[in-house]
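Engineer: My file is target.txt. It has compact mmCIF, C-alpha atoms:
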# COMPACT_ATOMS: atom_id res chain seq x y z
CA MET E 1 -15.81 -32.25 -4.03
CA SER E 2 -14.87 -28.66 -3.37
CA PHE E 3 -14.84 -27.52 -6.99
CA GLN E 4 -17.82 -29.53 -8.17
CA ASP E 5 -19.10 -28.09 -11.45
CA GLN E 6 -16.98 -24.95 -11.16
CA VAL E 7 -15.44 -23.80 -14.42
CA VAL E 8 -11.67 -23.40 -14.08
CA ILE E 9 -9.46 -21.90 -16.80
CA VAL E 10 -5.75 -22.76 -16.84
CA THR E 11 -3.44 -21.14 -19.39
CA GLY E 12 -0.17 -22.78 -20.33
CA ALA E 13 -1.82 -26.10 -19.54
CA SER E 14 0.09 -28.24 -22.00
CA ARG E 15 2.78 -29.42 -19.62
CA GLY E 16 4.66 -28.89 -16.39
CA ILE E 17 2.99 -26.79 -13.70
CA GLY E 18 -0.03 -25.95 -15.88
CA ARG E 19 -0.83 -29.57 -16.55
CA ALA E 20 -0.55 -30.43 -12.84
CA ILE E 21 -2.84 -27.52 -11.94
CA ALA E 22 -5.45 -28.59 -14.49
CA ALA E 23 -5.35 -32.17 -13.18
CA ALA E 24 -5.63 -31.05 -9.55
CA PHE E 25 -8.80 -29.04 -10.20
CA ALA E 26 -10.33 -31.82 -12.29
CA ALA E 27 -9.68 -34.26 -9.45
CA LYS E 28 -11.82 -32.01 -7.24
CA GLY E 29 -14.78 -32.00 -9.60
CA ALA E 30 -14.09 -28.93 -11.72
CA LYS E 31 -14.73 -28.55 -15.44
CA VAL E 32 -11.31 -27.44 -16.68
CA ALA E 33 -10.60 -25.38 -19.79
CA CYS E 34 -7.02 -26.32 -20.75
CA VAL E 35 -5.51 -23.50 -22.80
CA ALA E 36 -2.25 -23.82 -24.74
CA THR E 37 -0.77 -22.20 -27.83
CA THR E 38 -1.60 -25.21 -30.00
CA LEU E 39 -4.73 -27.33 -29.95
CA ALA E 40 -2.59 -30.47 -30.08
CA ASN E 41 -0.80 -29.54 -26.86
CA ALA E 42 -3.99 -28.53 -25.08
CA THR E 43 -5.65 -31.76 -26.20
CA ALA E 44 -2.73 -33.82 -24.91
CA THR E 45 -3.40 -32.50 -21.41
CA ALA E 46 -7.18 -32.70 -21.71
CA GLU E 47 -6.92 -36.35 -22.72
CA THR E 48 -4.86 -37.26 -19.66
CA ILE E 49 -7.61 -35.72 -17.54
CA GLY E 50 -10.67 -37.11 -19.30
CA ASP E 51 -14.22 -35.88 -19.74
CA SER E 52 -14.05 -32.97 -17.33
CA ALA E 53 -11.41 -31.20 -19.43
CA ARG E 54 -11.76 -29.30 -22.71
CA ALA E 55 -8.90 -28.17 -24.89
CA TYR E 56 -8.53 -24.66 -26.34
CA ALA E 57 -5.80 -23.10 -28.48
CA CYS E 58 -4.92 -19.47 -27.85
CA ASP E 59 -1.91 -17.17 -27.79
CA VAL E 60 -2.68 -15.22 -24.61
CA SER E 61 -0.51 -12.30 -25.73
CA ASP E 62 -3.06 -11.60 -28.51
CA SER E 63 -6.01 -9.76 -26.99
CA ALA E 64 -8.36 -10.52 -29.90
CA SER E 65 -7.63 -14.25 -29.55
CA VAL E 66 -8.30 -14.06 -25.83
CA GLU E 67 -11.72 -12.44 -26.47
CA VAL E 68 -12.58 -15.29 -28.84
CA LEU E 69 -11.28 -17.85 -26.32
CA PHE E 70 -13.49 -16.55 -23.53
CA GLU E 71 -16.57 -16.43 -25.78
CA ALA E 72 -15.96 -20.10 -26.57
CA ILE E 73 -15.43 -21.10 -22.94
CA LEU E 74 -18.55 -19.23 -21.82
CA ALA E 75 -20.59 -20.94 -24.52
CA ASP E 76 -19.14 -24.42 -23.91
CA LEU E 77 -18.75 -24.53 -20.14
CA GLY E 78 -20.33 -21.45 -18.59
CA THR E 79 -19.19 -18.64 -16.31
CA PRO E 80 -15.64 -19.17 -15.04
CA SER E 81 -15.10 -19.27 -11.29
CA VAL E 82 -11.33 -19.67 -11.35
CA LEU E 83 -8.69 -18.27 -13.71
CA VAL E 84 -5.08 -19.45 -13.40
CA ASN E 85 -2.64 -17.34 -15.41
CA ASN E 86 0.14 -19.85 -15.75
CA ALA E 87 1.27 -19.37 -19.37
CA GLY E 88 4.89 -18.30 -19.28
CA ILE E 89 8.08 -18.52 -21.28
CA THR E 90 11.76 -17.67 -20.90
CA ARG E 91 14.14 -16.14 -23.43
CA ASP E 92 17.27 -15.86 -21.35
CA GLY E 93 20.21 -13.66 -22.19
CA LEU E 94 22.52 -11.08 -20.66
CA ILE E 95 21.14 -7.58 -20.94
CA ILE E 96 23.75 -6.20 -23.34
CA ARG E 97 22.93 -9.00 -25.76
CA MET E 98 19.19 -9.29 -25.17
CA LYS E 99 17.37 -8.61 -28.41
CA GLU E 100 14.31 -6.41 -28.35
CA GLU E 101 12.12 -9.26 -29.63
CA ASP E 102 13.24 -11.49 -26.72
CA TRP E 103 12.31 -8.78 -24.25
CA ASP E 104 8.99 -8.04 -25.93
CA ARG E 105 7.92 -11.66 -26.35
CA VAL E 106 8.52 -12.62 -22.71
CA LEU E 107 6.68 -9.54 -21.45
CA ALA E 108 3.85 -10.15 -23.92
CA VAL E 109 3.21 -13.75 -22.93
CA ASN E 110 4.00 -13.60 -19.23
CA LEU E 111 2.53 -10.22 -18.26
CA LYS E 112 0.28 -8.94 -21.03
CA GLY E 113 -1.19 -12.42 -21.36
CA ALA E 114 -2.32 -12.22 -17.75
CA TYR E 115 -3.81 -8.75 -18.33
CA ASN E 116 -5.70 -10.00 -21.40
CA CYS E 117 -7.15 -12.98 -19.55
CA ILE E 118 -8.03 -11.08 -16.38
CA ARG E 119 -9.78 -8.42 -18.40
CA ALA E 120 -11.85 -11.04 -20.23
CA ALA E 121 -12.64 -13.04 -17.08
CA ALA E 122 -13.50 -10.04 -14.91
CA LYS E 123 -16.76 -9.28 -16.73
CA PRO E 124 -18.50 -12.61 -16.13
CA MET E 125 -16.94 -12.94 -12.67
CA MET E 126 -18.25 -9.48 -11.68
CA LYS E 127 -21.73 -10.41 -12.91
CA ALA E 128 -21.58 -13.65 -10.93
CA ARG E 129 -20.23 -11.80 -7.88
CA TYR E 130 -17.59 -14.55 -7.49
CA GLY E 131 -14.08 -15.20 -8.77
CA ARG E 132 -10.66 -16.55 -7.93
CA ILE E 133 -7.75 -15.31 -10.00
CA ILE E 134 -4.33 -16.85 -9.42
CA ASN E 135 -1.23 -15.59 -11.24
CA ILE E 136 1.83 -17.80 -11.40
CA THR E 137 4.80 -15.56 -10.73
CA SER E 138 8.23 -16.85 -9.61
CA ILE E 139 10.79 -16.33 -6.85
CA ILE E 140 12.88 -14.85 -9.65
CA GLY E 141 10.34 -12.00 -9.75
CA GLN E 142 11.34 -11.17 -6.20
CA THR E 143 15.09 -11.95 -6.24
CA GLY E 144 16.04 -11.35 -9.88
CA ALA E 145 18.49 -13.53 -11.79
CA ALA E 146 21.41 -12.70 -14.07
CA GLY E 147 20.41 -13.53 -17.63
CA GLN E 148 16.71 -13.26 -16.89
CA ALA E 149 16.01 -9.53 -16.86
CA ASN E 150 12.96 -10.00 -19.08
CA TYR E 151 11.60 -13.00 -17.19
CA ALA E 152 12.19 -11.40 -13.78
CA ALA E 153 10.59 -8.13 -14.89
CA SER E 154 7.51 -9.93 -16.21
CA LYS E 155 7.16 -11.98 -13.02
CA ALA E 156 7.64 -8.95 -10.77
CA GLY E 157 5.06 -7.17 -12.91
CA LEU E 158 2.57 -9.93 -12.13
CA ILE E 159 2.88 -9.13 -8.43
CA GLY E 160 1.91 -5.48 -8.95
CA LEU E 161 -0.91 -6.60 -11.23
CA THR E 162 -2.11 -9.07 -8.59
CA LYS E 163 -2.36 -6.40 -5.90
CA SER E 164 -4.14 -3.92 -8.16
CA ILE E 165 -6.72 -6.44 -9.29
CA ALA E 166 -7.27 -7.50 -5.68
CA LYS E 167 -8.06 -3.90 -4.77
CA GLU E 168 -10.26 -3.29 -7.80
CA LEU E 169 -12.42 -6.37 -7.72
CA GLY E 170 -12.58 -7.20 -4.01
CA ALA E 171 -16.01 -5.60 -3.73
CA ARG E 172 -17.38 -8.26 -6.10
CA ASN E 173 -16.08 -11.21 -4.02
CA ILE E 174 -13.24 -11.75 -6.48
CA THR E 175 -9.82 -12.46 -4.98
CA CYS E 176 -6.54 -12.19 -6.89
CA ASN E 177 -3.40 -13.84 -5.55
CA ALA E 178 -0.06 -15.03 -6.87
CA VAL E 179 1.92 -18.21 -6.34
CA ALA E 180 5.72 -17.89 -6.64
CA PRO E 181 7.32 -21.24 -7.44
CA GLY E 182 10.99 -21.83 -6.73
CA PHE E 183 12.84 -24.43 -8.79
CA ILE E 184 10.41 -27.02 -10.04
CA THR E 185 11.18 -30.13 -12.08
CA THR E 186 9.70 -29.27 -15.50
CA ASP E 187 10.86 -28.74 -19.09
CA MET E 188 11.60 -25.11 -18.22
CA THR E 189 14.29 -26.15 -15.71
CA ALA E 190 15.39 -29.35 -17.46
CA GLU E 191 18.49 -27.69 -18.89
CA LEU E 192 19.88 -26.57 -15.55
CA SER E 193 23.28 -28.07 -14.83
CA ASP E 194 23.72 -30.89 -12.35
CA ASP E 195 25.83 -28.52 -10.24
CA PHE E 196 22.98 -26.08 -10.02
CA ARG E 197 20.53 -28.81 -9.19
CA ALA E 198 22.82 -30.00 -6.40
CA HIS E 199 23.11 -26.42 -5.14
CA VAL E 200 19.32 -26.12 -4.88
CA GLU E 201 19.07 -29.46 -3.10
CA LYS E 202 21.69 -28.31 -0.61
CA SER E 203 20.42 -24.77 -0.05
CA ALA E 204 16.70 -25.31 0.09
CA PRO E 205 15.59 -26.28 3.60
CA ALA E 206 13.26 -28.83 2.01
CA GLY E 207 16.32 -30.49 0.43
CA ARG E 208 14.91 -31.03 -3.06
CA LEU E 209 13.56 -29.38 -6.18
CA GLY E 210 9.81 -28.88 -6.25
CA THR E 211 7.27 -30.88 -8.23
CA PRO E 212 4.44 -29.44 -10.32
CA GLU E 213 2.05 -30.99 -7.79
CA ASP E 214 3.62 -28.88 -5.02
CA ILE E 215 2.56 -25.77 -6.94
CA ALA E 216 -0.86 -27.14 -7.90
CA GLY E 217 -1.65 -27.69 -4.22
CA ALA E 218 -0.99 -24.03 -3.40
CA VAL E 219 -3.08 -22.84 -6.35
CA VAL E 220 -6.03 -25.02 -5.40
CA PHE E 221 -5.87 -23.75 -1.81
CA LEU E 222 -6.06 -20.11 -2.93
CA ALA E 223 -8.93 -20.93 -5.28
CA GLU E 224 -11.12 -22.49 -2.59
CA ALA E 225 -14.33 -20.65 -1.75
CA SER E 226 -13.14 -20.71 1.87
CA SER E 227 -10.03 -18.66 0.97
CA SER E 228 -12.16 -15.56 0.46
CA TYR E 229 -10.22 -13.46 3.01
CA ILE E 230 -6.89 -13.98 1.24
CA THR E 231 -6.30 -11.47 -1.53
CA GLY E 232 -3.43 -9.55 -3.08
CA GLN E 233 -0.95 -12.04 -1.62
CA THR E 234 2.04 -13.87 -3.09
CA LEU E 235 2.46 -17.39 -1.73
CA THR E 236 6.04 -18.53 -2.22
CA VAL E 237 6.40 -22.29 -2.80
CA ASP E 238 10.13 -22.90 -3.05
CA GLY E 239 11.08 -25.30 -0.26
CA GLY E 240 12.51 -22.30 1.60
CA LEU E 241 15.17 -21.61 -1.03
CA SER E 242 14.72 -17.85 -1.04
CA LEU E 243 14.85 -17.46 2.74
CA MET J 1 -39.52 8.05 -28.33
CA SER J 2 -37.54 9.43 -25.41
CA GLU J 3 -40.12 7.95 -23.06
CA ASP J 4 -39.30 4.52 -24.41
CA ILE J 5 -35.61 5.20 -23.85
CA LEU J 6 -36.32 6.35 -20.28
CA ASN J 7 -38.28 3.18 -19.59
CA ARG J 8 -35.49 0.98 -20.87
CA VAL J 9 -32.83 2.96 -18.97
CA THR J 10 -34.93 2.61 -15.82
CA LYS J 11 -35.31 -1.14 -16.34
CA VAL J 12 -31.56 -1.65 -16.81
CA THR J 13 -30.74 0.54 -13.81
CA VAL J 14 -33.16 -1.34 -11.56
CA GLU J 15 -31.67 -4.66 -12.70
CA GLU J 16 -28.06 -3.62 -12.27
CA LEU J 17 -28.27 -1.59 -9.05
CA GLY J 18 -31.17 -3.36 -7.38
CA VAL J 19 -32.91 -0.04 -6.67
CA LYS J 20 -36.67 0.52 -6.92
CA ALA J 21 -38.12 1.97 -10.11
CA GLU J 22 -39.58 4.90 -8.14
CA GLU J 23 -36.06 5.98 -7.16
CA VAL J 24 -35.01 6.19 -10.78
CA THR J 25 -35.98 9.79 -11.53
CA VAL J 26 -34.59 11.84 -14.40
CA ALA J 27 -32.49 13.91 -12.00
CA ALA J 28 -31.21 10.93 -9.99
CA SER J 29 -27.42 10.72 -9.89
CA PHE J 30 -26.00 7.19 -10.18
CA THR J 31 -23.35 7.67 -7.52
CA GLU J 32 -25.04 10.18 -5.21
CA ASP J 33 -28.67 9.05 -5.25
CA LEU J 34 -28.62 5.46 -6.46
CA GLY J 35 -25.62 4.23 -4.49
CA ALA J 36 -23.46 3.08 -7.38
CA ASP J 37 -19.75 2.52 -6.73
CA SER J 38 -17.09 2.61 -9.45
CA LEU J 39 -17.60 -1.03 -10.38
CA ASP J 40 -21.37 -0.49 -10.58
CA VAL J 41 -20.80 2.40 -12.98
CA VAL J 42 -18.66 0.21 -15.25
CA GLU J 43 -21.25 -2.57 -15.21
CA LEU J 44 -24.08 -0.10 -15.85
CA VAL J 45 -22.28 1.37 -18.86
CA MET J 46 -21.80 -2.12 -20.29
CA ALA J 47 -25.45 -2.93 -19.66
CA PHE J 48 -26.57 0.24 -21.46
CA GLU J 49 -24.24 -0.62 -24.34
CA ASP J 50 -25.84 -4.08 -24.60
CA GLU J 51 -29.41 -2.80 -24.24
CA PHE J 52 -29.13 -0.07 -26.87
CA GLY J 53 -26.52 -1.64 -29.15
CA ILE J 54 -24.18 1.32 -28.87
CA GLU J 55 -20.64 1.91 -27.64
CA ILE J 56 -19.99 4.40 -24.90
CA PRO J 57 -16.30 5.39 -24.93
CA ASP J 58 -14.62 6.16 -21.60
CA GLU J 59 -14.37 9.91 -22.31
CA ASP J 60 -18.16 10.05 -22.62
CA VAL J 61 -18.76 8.08 -19.43
CA SER J 62 -17.41 10.89 -17.27
CA GLU J 63 -20.09 13.21 -18.69
CA ILE J 64 -22.91 10.88 -17.74
CA LYS J 65 -23.89 11.53 -14.15
CA THR J 66 -27.69 11.22 -13.99
CA ILE J 67 -30.47 9.17 -15.54
CA GLY J 68 -31.36 12.22 -17.64
CA ASP J 69 -27.78 12.38 -18.95
CA VAL J 70 -28.03 8.75 -20.10
CA VAL J 71 -31.35 9.31 -21.88
CA ASN J 72 -30.00 12.41 -23.66
CA TYR J 73 -26.80 10.58 -24.62
CA ILE J 74 -28.67 7.63 -26.09
CA GLN J 75 -31.04 9.94 -27.96
CA LYS J 76 -28.08 11.74 -29.53
CA LYS J 77 -26.29 8.49 -30.36
CA SER J 78 -29.38 6.98 -32.01
CA GLY J 79 -29.73 10.23 -33.97
CA GLU J 80 -33.29 10.81 -32.82
Would you mind writing the file out in structure tokens?
Structural biologist:
Amino acid sequence: MSFQDQVVIVTGASRGIGRAIAAAFAAKGAKVACVATTLANATATAETIGDSARAYACDVSDSASVEVLFEAILADLGTPSVLVNNAGITRDGLIIRMKEEDWDRVLAVNLKGAYNCIRAAAKPMMKARYGRIINITSIIGQTGAAGQANYAASKAGLIGLTKSIAKELGARNITCNAVAPGFITTDMTAELSDDFRAHVEKSAPAGRLGTPEDIAGAVVFLAEASSSYITGQTLTVDGGLSL
Amino acid sequence: MSEDILNRVTKVTVEELGVKAEEVTVAASFTEDLGADSLDVVELVMAFEDEFGIEIPDEDVSEIKTIGDVVNYIQKKSGE
């Protein structure tokens, strides 16, 4: 099993893409730290996985909480080999009506959260001379979307962060890559209209929306030990929609 | 007292950089003589912080170039 006994941390693990990612690593032998904003949500995912998963509550936008989280994970499970920054939210609105708190909150969770977690994970990974960091961005970070200035900015920010971390930590055998999902069937996209759904199904060469497992597969690939020559990259998984 | 500090600094440096104790002279520069890259410097600073129970703010790190600098810094910080 390619991730046997490796410690994998997944933020935003309570549902959707995060849950699928946690399950995919567990299925390959990893010990998975499932992180969500509430313990109840993290536990819900950990229970579907079983003994190889542990639940942790943390608001990744709070750097003090993230320090505490990593101390706990190091004590419970050991040095992390893989960090998946998947925690992300939307607070959509047109720019002239977008409240400051909606801008700040999305940037704090989606982008600062990744910074907080990478900073905490980098220390033990550097000591171990091994790490795989995967940031979940979005095709929206590359194309933009009306009504999602904050979300798009945070996701585009993750791409710059990914490349910088790749350059900084490469010498310690730590890679940092991003996965950019297209439209995936999760709670985040559940409110899209049927028209829009039909549009995606027609326009995407793959002819369908994506599943969380589609994304998990890409994340696992980048996290493999054998993917050590791939770093600073964004792998778009959108059925060809953005072509 | 400063000999004890030098011994501990030498031990940490040998552990972190994998150099031999003989190479760790008072005048040895971390980057020029001991082969430390920027990540090594960061890790070394953290190791010194752990070993001596002090904090070394970033502004101070740029002043620390040699083993002797570290020993002097720690002596000052411990108020010896």
Engineer: For chain E, work out the contacting residues on chain J at 10 Å, counting all atoms listed in the file, and write them as a list in words.
Structural biologist: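 Only these qualify: Glu16, Asp37, Ser38, Leu39, Asp40, Val42, Glu43 and Met46 of chain J.
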Engineer: Only C-alpha atoms, please: the residues just picked out, written as a PDB file, in the coordinates of the input.
Structural biologist:
ATOM      1  CA  GLU J  16     -28.060  -3.620 -12.270  1.00  0.00           C
ATOM      2  CA  ASP J  37     -19.750   2.520  -6.730  1.00  0.00           C
ATOM      3  CA  SER J  38     -17.090   2.610  -9.450  1.00  0.00           C
ATOM      4  CA  LEU J  39     -17.600  -1.030 -10.380  1.00  0.00           C
ATOM      5  CA  ASP J  40     -21.370  -0.490 -10.580  1.00  0.00           C
ATOM      6  CA  VAL J  42     -18.660   0.210 -15.250  1.00  0.00           C
ATOM      7  CA  GLU J  43     -21.250  -2.570 -15.210  1.00  0.00           C
ATOM      8  CA  MET J  46     -21.800  -2.120 -20.290  1.00  0.00           C
TER       9      MET J  46
END
Engineer: Can you work out the spacing between CA of Ala216 (chain E) and CA of Ala53 (chain E) in Å, to one decimal?
Structural biologist: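 Separation between CA of Ala216 (chain E) and CA of Ala53 (chain E): 16.1 Å.
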Engineer: Which neighbours of region 18-26 of chain J fall inside 9 Å, counting all atoms listed in the file, when residues of the same chain fewer than 6 positions from it are skipped, and could you give them as a list in words?
Structural biologist: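 Residues near the query, excluding close chain neighbours: Leu6, Thr10, Lys11, Asp33, Leu34, Gly35, Thr66, Ile67, Gly68, Asp69 and Val71 of chain J.
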Engineer: Give me a file of those residues, with C-alpha atoms, as a PDB file, in the coordinates of the input.
Structural biologist:
ATOM      1  CA  LEU J   6     -36.320   6.350 -20.280  1.00  0.00           C
ATOM      2  CA  THR J  10     -34.930   2.610 -15.820  1.00  0.00           C
ATOM      3  CA  LYS J  11     -35.310  -1.140 -16.340  1.00  0.00           C
ATOM      4  CA  ASP J  33     -28.670   9.050  -5.250  1.00  0.00           C
ATOM      5  CA  LEU J  34     -28.620   5.460  -6.460  1.00  0.00           C
ATOM      6  CA  GLY J  35     -25.620   4.230  -4.490  1.00  0.00           C
ATOM      7  CA  THR J  66     -27.690  11.220 -13.990  1.00  0.00           C
ATOM      8  CA  ILE J  67     -30.470   9.170 -15.540  1.00  0.00           C
ATOM      9  CA  GLY J  68     -31.360  12.220 -17.640  1.00  0.00           C
ATOM     10  CA  ASP J  69     -27.780  12.380 -18.950  1.00  0.00           C
ATOM     11  CA  VAL J  71     -31.350   9.310 -21.880  1.00  0.00           C
TER      12      VAL J  71
END
Engineer: In Å, how far is it from CA of Gly12 (chain E) to CA of Ala36 (chain E)?
Structural biologist: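 Between these atoms lies a distance of 5.0 Å.
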Engineer: Mind checking which residues fall within 9 Å of Ala180 (chain E), counting all atoms listed in the file, ignoring those fewer than 3 positions away in the same chain, and posting them as a list of chain:residue names?
Structural biologist: E:Asn135, E:Ile136, E:Thr137, E:Ser138, E:Ile139, E:Ile140, E:Gly141, E:Gln142, E:Lys155, E:Ile215, E:Thr234, E:Leu235, E:Thr236, E:Val237, E:Asp238
Engineer: CA of Leu39 (chain E) and CA of Leu69 (chain E) are how many Å apart?
Structural biologist: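 Interatomic distance here is 12.1 Å.
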Engineer: Could you list as a PyMOL selection string every residue that has an atom within 9 Å of (13.0, -20.2, -0.1), using the file's coordinates and counting all atoms listed in the file?
Structural biologist: chain E and resi 139+182+203-206+236-243
Engineer: Could you pull the residues within 9 Å of Val45 (chain J), counting all atoms listed in the file, minus those fewer than 6 positions along the same chain, as a list in words?
Structural biologist: Glu55, Ile56 and Val61 of chain J
Engineer: Neighbourhood query: residues within 6 Å of (5.7, -33.1, -16.7), file coordinates, counting all atoms listed in the file; return as a list of chain:residue names.
Structural biologist: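 Neighbouring residues, ordered by chain and number, come to E:Arg15, E:Gly16, E:Thr186.
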Engineer: Around all listed atoms of region 48-60 of chain J, padded 8 Å per side, what centre and edge lengths does the axis-aligned box have in Å to one decimal, as AutoDock Vina command-line options?
Structural biologist:
--center_x -21.9 --center_y 3.0 --center_z -25.3 --size_x 31.0 --size_y 30.1 --size_z 23.7
Engineer: Could you pull the residues within 12 Å of Ala72 (chain E), counting all atoms listed in the file, minus those fewer than 6 positions along the same chain, as number ranges by chain?
Structural biologist: E: 9, 33, 35, 54-58, 65-66, 78-80, 120
Engineer: In terms of the shortest atom-to-atom distance over only C-alpha atoms, which of E:Ala153, E:Ala75, E:Ala42, E:Ala27 is closest to Thr90 (chain E)?
Structural biologist: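 Nearest to Thr90 (chain E): E:Ala153.
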Engineer: Considering all atoms listed in the file, state which residue in the set J:Glu51, J:Glu3, J:Glu63, J:Glu15 is at the smallest distance from Ser29 (chain J).
Structural biologist: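 Ranked by minimum distance to Ser29 (chain J), first place goes to J:Glu63.
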Engineer: How would region 6-21 of chain J read, as a compact mmCIF listing (two decimals), keeping the file's coordinate frame, once N, CA and C atoms are built in?
Structural biologist:
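For reference, selection.txt as written:
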# COMPACT_ATOMS: atom_id res chain seq x y z
N LEU J 6 -36.33 6.20 -21.75
CA LEU J 6 -36.32 6.35 -20.28
C LEU J 6 -36.78 5.06 -19.61
N ASN J 7 -37.80 4.43 -20.18
CA ASN J 7 -38.28 3.18 -19.59
C ASN J 7 -37.21 2.10 -19.61
N ARG J 8 -36.52 2.01 -20.76
CA ARG J 8 -35.49 0.98 -20.87
C ARG J 8 -34.31 1.28 -19.96
N VAL J 9 -33.93 2.57 -19.88
CA VAL J 9 -32.83 2.96 -18.97
C VAL J 9 -33.21 2.63 -17.53
N THR J 10 -34.45 2.91 -17.19
CA THR J 10 -34.93 2.61 -15.82
C THR J 10 -34.86 1.12 -15.55
N LYS J 11 -35.31 0.32 -16.51
CA LYS J 11 -35.31 -1.14 -16.34
C LYS J 11 -33.89 -1.66 -16.11
N VAL J 12 -32.95 -1.20 -16.94
CA VAL J 12 -31.56 -1.65 -16.81
C VAL J 12 -30.99 -1.22 -15.46
N THR J 13 -31.27 0.02 -15.07
CA THR J 13 -30.74 0.54 -13.81
C THR J 13 -31.27 -0.25 -12.62
N VAL J 14 -32.55 -0.55 -12.66
CA VAL J 14 -33.16 -1.34 -11.56
C VAL J 14 -32.50 -2.71 -11.49
N GLU J 15 -32.28 -3.33 -12.66
CA GLU J 15 -31.67 -4.66 -12.70
C GLU J 15 -30.24 -4.63 -12.18
N GLU J 16 -29.48 -3.64 -12.61
CA GLU J 16 -28.06 -3.62 -12.27
C GLU J 16 -27.81 -3.18 -10.83
N LEU J 17 -28.55 -2.15 -10.38
CA LEU J 17 -28.27 -1.59 -9.05
C LEU J 17 -29.19 -2.12 -7.96
N GLY J 18 -30.24 -2.81 -8.37
CA GLY J 18 -31.17 -3.36 -7.38
C GLY J 18 -31.97 -2.28 -6.66
N VAL J 19 -32.11 -1.11 -7.28
CA VAL J 19 -32.91 -0.04 -6.67
C VAL J 19 -34.36 -0.18 -7.15
N LYS J 20 -35.27 0.58 -6.52
CA LYS J 20 -36.67 0.52 -6.92
C LYS J 20 -36.90 1.49 -8.08
N ALA J 21 -37.84 1.14 -8.94
CA ALA J 21 -38.12 1.97 -10.11
C ALA J 21 -38.50 3.40 -9.72
